[in-house]
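As provided, work.cif (mmCIF, C-alpha atoms) reads as follows.
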```cif
data_coords
#
loop_
_atom_site.label_atom_id
_atom_site.label_comp_id
_atom_site.auth_asym_id
_atom_site.auth_seq_id
_atom_site.Cartn_x
_atom_site.Cartn_y
_atom_site.Cartn_z
CA MET C 1 11.31 5.64 3.83
CA GLU C 2 11.36 4.40 0.26
CA SER C 3 14.37 2.40 -0.91
CA LYS C 4 15.52 2.37 -4.52
CA ASN C 5 15.43 -1.44 -4.34
CA HIS C 6 11.72 -1.56 -3.49
CA HIS C 7 9.72 -3.40 -6.14
CA ILE C 8 5.96 -3.93 -6.31
CA VAL C 9 4.65 -7.38 -7.21
CA SER C 10 0.93 -7.72 -7.85
CA ALA C 11 -0.56 -11.21 -8.07
CA LEU C 12 -4.10 -12.33 -8.77
CA VAL C 13 -4.55 -15.63 -6.94
CA GLU C 14 -7.27 -18.15 -6.23
CA ASN C 15 -8.93 -17.34 -2.93
CA LYS C 16 -7.93 -20.56 -1.15
CA SER C 17 -6.25 -21.36 2.14
CA GLY C 18 -2.47 -21.70 2.09
CA VAL C 19 -1.87 -19.57 -1.01
CA LEU C 20 -0.48 -16.61 0.94
CA ALA C 21 1.80 -18.89 2.98
CA ARG C 22 3.26 -20.41 -0.20
CA ILE C 23 3.83 -16.98 -1.74
CA ALA C 24 5.47 -15.55 1.38
CA GLY C 25 7.52 -18.74 1.72
CA LEU C 26 9.12 -18.22 -1.69
CA PHE C 27 10.40 -14.82 -0.56
CA ALA C 28 11.46 -16.07 2.88
CA ARG C 29 13.43 -19.02 1.51
CA ARG C 30 15.56 -16.61 -0.49
CA GLY C 31 16.04 -14.26 2.46
CA PHE C 32 14.14 -11.38 0.83
CA ASN C 33 12.57 -8.89 3.20
CA ILE C 34 8.90 -8.24 2.48
CA TYR C 35 8.56 -4.53 3.18
CA SER C 36 4.78 -4.45 2.73
CA LEU C 37 2.07 -7.05 2.13
CA ALA C 38 -1.62 -6.51 1.43
CA VAL C 39 -4.18 -9.17 0.51
CA ALA C 40 -7.91 -8.89 -0.11
CA PRO C 41 -10.63 -10.42 -2.28
CA THR C 42 -11.34 -8.78 -5.63
CA ASN C 43 -14.69 -8.15 -7.29
CA ASP C 44 -14.67 -11.92 -8.03
CA PRO C 45 -15.06 -13.73 -4.67
CA ASN C 46 -12.99 -16.64 -6.03
CA LEU C 47 -9.93 -14.42 -6.50
CA SER C 48 -7.76 -12.28 -4.24
CA ARG C 49 -5.13 -9.70 -5.13
CA VAL C 50 -1.82 -9.90 -3.29
CA THR C 51 0.38 -6.79 -3.38
CA ILE C 52 3.92 -7.33 -2.16
CA VAL C 53 6.57 -4.65 -1.85
CA VAL C 54 9.94 -6.30 -1.56
CA ASP C 55 13.40 -4.85 -0.99
CA VAL C 56 15.65 -6.72 -3.44
CA GLU C 57 17.71 -6.25 -6.61
CA ALA C 58 15.60 -6.41 -9.79
CA SER C 59 17.55 -9.36 -11.25
CA LEU C 60 16.90 -11.49 -8.17
CA LEU C 61 13.24 -10.50 -8.08
CA SER C 62 12.63 -11.73 -11.63
CA GLN C 63 13.63 -15.26 -10.52
CA VAL C 64 11.05 -15.20 -7.71
CA VAL C 65 8.36 -13.75 -9.99
CA ASN C 66 8.98 -16.61 -12.46
CA GLN C 67 8.67 -19.16 -9.64
CA LEU C 68 5.52 -17.49 -8.30
CA ASP C 69 4.00 -17.66 -11.76
CA LYS C 70 4.42 -21.45 -11.65
CA LEU C 71 2.40 -21.85 -8.44
CA ILE C 72 -0.88 -23.59 -9.21
CA ASN C 73 -3.09 -21.01 -7.45
CA VAL C 74 -1.47 -17.96 -9.09
CA VAL C 75 -3.67 -16.74 -11.94
CA GLU C 76 -1.68 -13.66 -12.97
CA ILE C 77 1.44 -11.94 -11.71
CA GLN C 78 3.22 -8.76 -12.68
CA GLU C 79 5.86 -6.41 -11.38
CA LEU C 80 4.61 -2.83 -11.26
CA LYS C 81 7.02 0.07 -11.62
CA PRO C 82 5.98 2.96 -9.37
CA THR C 83 5.65 5.20 -12.44
CA ASP C 84 3.24 2.69 -14.04
CA ALA C 85 1.10 2.08 -10.95
CA VAL C 86 -1.46 3.81 -8.79
CA GLU C 87 -0.40 3.09 -5.20
CA ARG C 88 -2.29 3.73 -1.98
CA GLU C 89 -1.83 2.94 1.67
CA LEU C 90 -3.88 3.69 4.78
CA LEU C 91 -2.35 5.27 7.88
CA LEU C 92 -3.94 5.51 11.31
CA ALA C 93 -2.02 7.47 13.92
CA THR C 94 -2.79 8.58 17.45
CA VAL C 95 -0.93 11.77 18.25
CA GLU C 96 -0.38 13.39 21.62
CA CYS C 97 -2.04 16.74 21.22
CA SER C 98 -2.71 19.31 23.91
CA LEU C 99 -5.58 21.75 23.38
CA SER C 100 -3.06 24.52 22.62
CA LYS C 101 -1.57 22.52 19.69
CA ARG C 102 -4.82 21.00 18.40
CA THR C 103 -5.59 23.62 15.72
CA GLU C 104 -2.03 23.36 14.40
CA VAL C 105 -2.20 19.56 14.07
CA ILE C 106 -5.67 19.67 12.47
CA GLN C 107 -4.40 22.19 9.89
CA ILE C 108 -1.48 19.93 8.97
CA VAL C 109 -3.68 16.86 8.68
CA THR C 110 -6.32 18.67 6.62
CA ALA C 111 -3.75 20.27 4.31
CA LEU C 112 -2.34 16.84 3.45
CA GLY C 113 -5.80 15.31 2.89
CA GLY C 114 -6.22 13.40 6.14
CA GLU C 115 -9.09 13.31 8.61
CA ILE C 116 -9.47 13.36 12.36
CA VAL C 117 -11.40 10.20 13.30
CA ASP C 118 -11.22 10.24 17.11
CA VAL C 119 -10.56 12.89 19.76
CA ASN C 120 -10.03 13.12 23.51
CA LEU C 121 -8.57 15.80 25.77
CA SER C 122 -4.97 14.72 25.24
CA GLY C 123 -4.86 13.41 21.68
CA LEU C 124 -6.18 12.93 18.17
CA THR C 125 -6.45 9.88 15.96
CA ILE C 126 -5.77 10.62 12.33
CA GLU C 127 -6.68 8.68 9.22
CA MET C 128 -5.17 9.23 5.81
CA SER C 129 -5.22 7.23 2.62
CA SER C 130 -2.66 8.32 0.07
CA SER C 131 0.57 7.48 -1.71
CA PRO C 132 3.37 6.12 0.49
CA ASP C 133 5.40 9.32 0.00
CA LYS C 134 2.59 11.53 1.31
CA LEU C 135 2.07 9.23 4.30
CA ASP C 136 5.82 9.39 5.02
CA ALA C 137 5.57 13.20 4.96
CA LEU C 138 2.58 13.21 7.33
CA GLU C 139 4.32 10.78 9.68
CA GLU C 140 7.42 13.00 9.76
CA LEU C 141 5.37 16.12 10.52
CA LEU C 142 3.37 14.39 13.25
CA SER C 143 6.48 12.95 14.94
CA SER C 144 7.35 16.36 16.40
CA TYR C 145 4.01 16.34 18.29
CA GLY C 146 4.52 12.82 19.66
CA ILE C 147 3.07 9.79 17.91
CA ILE C 148 1.57 7.46 20.52
CA LYS C 149 0.50 4.68 18.14
CA LEU C 150 0.83 4.23 14.41
CA GLN C 151 -0.40 1.60 11.97
CA ARG C 152 -0.02 1.47 8.21
CA THR C 153 -1.83 -1.10 6.11
CA GLY C 154 0.77 -1.85 3.51
CA ARG C 155 0.55 -0.85 -0.09
CA VAL C 156 -2.11 -1.73 -2.60
CA ALA C 157 -1.44 -1.03 -6.26
CA LEU C 158 -2.98 -1.41 -9.69
CA PRO C 159 -1.48 -0.67 -13.09
CA ARG C 160 -2.19 2.79 -14.46
CA LEU C 161 -4.71 2.92 -17.27
CA THR C 162 -3.29 3.00 -20.77
CA LYS C 163 -4.11 5.75 -23.25
CA GLU C 164 -6.57 3.38 -24.97
CA SER C 165 -8.37 2.80 -21.65
CA ASP C 166 -8.43 6.56 -20.98
CA THR C 167 -10.14 7.17 -24.33
CA TYR C 168 -12.72 4.48 -23.58
CA THR C 169 -13.32 5.88 -20.08
CA ASN C 170 -13.74 9.40 -21.47
CA GLN C 171 -16.25 8.12 -24.04
CA LEU C 172 -18.26 6.49 -21.24
CA LYS C 173 -18.32 9.75 -19.28
CA LEU C 174 -19.62 11.65 -22.34
CA ALA C 175 -22.41 9.15 -23.06
#
```
Just dump the structure as structure tokens.
Amino acid sequence: MESKNHHIVSALVENKSGVLARIAGLFARRGFNIYSLAVAPTNDPNLSRVTIVVDVEASLLSQVVNQLDKLINVVEIQELKPTDAVERELLLATVECSLSKRTEVIQIVTALGGEIVDVNLSGLTIEMSSSPDKLDALEELLSSYGIIKLQRTGRVALPRLTKESDTYTNQLKLA
């Protein structure tokens, strides 16, 4: 479940070995719990985006963000407020599901925007990509059926487009 002290840090970094270890080390040395961590290359193969969700007071986080910004391989760093970001996470869950309950579970998954990706006689594997809140809701609903295995990827986030960007995007769609 979401904590009010969760903050999203998004960093564009050089795609080199050891960068992730140095970033995680800054948080670990201060005793901050990393709630979620996602890293992947961007459209530029020389750069990766690191999205960190950390559970810490905002004043303490600003110190770490300033120190991260000084790391040689960090190109850009920003803290994203949930209201100013588009966030997504992937959930895979295997749920115990007898044939008599199967239709019920499929209806729940479909209503929330998920998919069934694997089936056998005693269970279903579900995939859903959505906001963390929606995944929390799905997880809670599925728990009453019996979750056998569950994996969530960790959050990825980008800043929301500004009004200027929206106008430009709309002009492109009209052209």
- Message: Just checking: using only C-alpha atoms, which residue out of C:Lys101, C:Glu96, C:Ser129, C:Ile116 ends up closest to Gly146 (chain C)?
- Response: C:Glu96
- Care to translate the PyMOL selection byres ((chain C and resi 132) around 8) into actual residues of this file, as a list in words?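 Output from the PyMOL selection byres ((chain C and resi 132) around 8), applied to this file: Glu87, Arg88, Glu89, Ser130, Ser131, Asp133, Lys134, Leu135, Asp136 and Arg155 of chain C.
Taking CA of Ser98 (chain C) and CA of Glu115 (chain C) as the two end points, the separation is 17.6 Å.
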- Message: Going by the chain IDs and residue numbers used in this file, which residues fall under the PyMOL selection byres ((chain C and resi 11) around 10)? Write them as a VMD selection string.
- Response: chain C and resid 8 to 10 12 to 14 23 39 48 to 52 65 68 to 69 74 to 79
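Distance-wise, CA of Leu92 (chain C) and CA of Ala40 (chain C) end up 18.8 Å apart.
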- Counting all atoms listed in the file, closest pick from C:Thr162, C:Ser17, C:Asn46, C:Thr103 relative to Ala85 (chain C) is C:Thr162
- Message: One decimal, in Å: what's the spacing between CA of Pro45 (chain C) and CA of Met128 (chain C)?
- Response: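 CA of Met128 (chain C) lies at a distance of 27.1 Å from CA of Pro45 (chain C).
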- Taking only C-alpha atoms into account, which of C:Gln67, C:Thr42, C:Thr83, C:Ser62 comes nearest Pro159 (chain C)? C:Thr83
- Item | Counting only C-alpha atoms, the residue of C:Val56, C:Leu37, C:Leu20, C:Ile147 that sits nearest Ile126 (chain C) |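 Checking each candidate against Ile126 (chain C), we get C:Ile147 as the closest.
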- Query: Could you spell out the hits of the PyMOL selection byres ((chain C and resi 106) around 12) on the shown file, as number ranges by chain?
  - Reply: C: 95, 97-105, 107-119, 123-127, 138, 141-142, 145
- Pick from C:Leu158, C:Leu71, C:Leu47, C:Val53 nearest to Ala21 (chain C), counting all atoms listed in the file: C:Leu71
N, CA and C atoms modelled onto region 137-153 of chain C, as an mmCIF file, in the frame of the given file:
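Final output, saved to part-v2.cif:
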```cif
data_model
loop_
_atom_site.group_PDB
_atom_site.id
_atom_site.type_symbol
_atom_site.label_atom_id
_atom_site.label_comp_id
_atom_site.auth_asym_id
_atom_site.auth_seq_id
_atom_site.Cartn_x
_atom_site.Cartn_y
_atom_site.Cartn_z
ATOM 1 N N ALA C 137 5.492 11.780 4.625
ATOM 2 C CA ALA C 137 5.570 13.200 4.960
ATOM 3 C C ALA C 137 4.690 13.520 6.173
ATOM 4 N N LEU C 138 3.471 12.979 6.195
ATOM 5 C CA LEU C 138 2.580 13.210 7.330
ATOM 6 C C LEU C 138 3.189 12.638 8.611
ATOM 7 N N GLU C 139 3.707 11.432 8.522
ATOM 8 C CA GLU C 139 4.320 10.780 9.680
ATOM 9 C C GLU C 139 5.473 11.619 10.226
ATOM 10 N N GLU C 140 6.287 12.162 9.338
ATOM 11 C CA GLU C 140 7.420 13.000 9.760
ATOM 12 C C GLU C 140 6.928 14.270 10.461
ATOM 13 N N LEU C 141 5.908 14.900 9.906
ATOM 14 C CA LEU C 141 5.370 16.120 10.520
ATOM 15 C C LEU C 141 4.741 15.837 11.883
ATOM 16 N N LEU C 142 4.038 14.715 11.997
ATOM 17 C CA LEU C 142 3.370 14.390 13.250
ATOM 18 C C LEU C 142 4.360 13.959 14.342
ATOM 19 N N SER C 143 5.517 13.464 13.948
ATOM 20 C CA SER C 143 6.480 12.950 14.940
ATOM 21 C C SER C 143 6.911 14.040 15.926
ATOM 22 N N SER C 144 6.932 15.283 15.483
ATOM 23 C CA SER C 144 7.350 16.360 16.400
ATOM 24 C C SER C 144 6.295 16.628 17.485
ATOM 25 N N TYR C 145 5.073 16.172 17.284
ATOM 26 C CA TYR C 145 4.010 16.340 18.290
ATOM 27 C C TYR C 145 3.959 15.147 19.249
ATOM 28 N N GLY C 146 4.512 14.024 18.830
ATOM 29 C CA GLY C 146 4.520 12.820 19.660
ATOM 30 C C GLY C 146 3.501 11.803 19.193
ATOM 31 N N ILE C 147 3.947 10.863 18.378
ATOM 32 C CA ILE C 147 3.070 9.790 17.910
ATOM 33 C C ILE C 147 2.997 8.741 19.009
ATOM 34 N N ILE C 148 1.789 8.457 19.465
ATOM 35 C CA ILE C 148 1.570 7.460 20.520
ATOM 36 C C ILE C 148 1.480 6.067 19.908
ATOM 37 N N LYS C 149 0.667 5.946 18.859
ATOM 38 C CA LYS C 149 0.500 4.680 18.140
ATOM 39 C C LYS C 149 0.383 4.981 16.660
ATOM 40 N N LEU C 150 0.895 4.050 15.854
ATOM 41 C CA LEU C 150 0.830 4.230 14.410
ATOM 42 C C LEU C 150 0.652 2.877 13.758
ATOM 43 N N GLN C 151 -0.209 2.820 12.757
ATOM 44 C CA GLN C 151 -0.400 1.600 11.970
ATOM 45 C C GLN C 151 -0.587 1.988 10.515
ATOM 46 N N ARG C 152 0.155 1.310 9.647
ATOM 47 C CA ARG C 152 -0.020 1.470 8.210
ATOM 48 C C ARG C 152 -0.405 0.126 7.630
ATOM 49 N N THR C 153 -1.271 0.146 6.632
ATOM 50 C CA THR C 153 -1.830 -1.100 6.110
ATOM 51 C C THR C 153 -0.898 -1.869 5.200
#
```
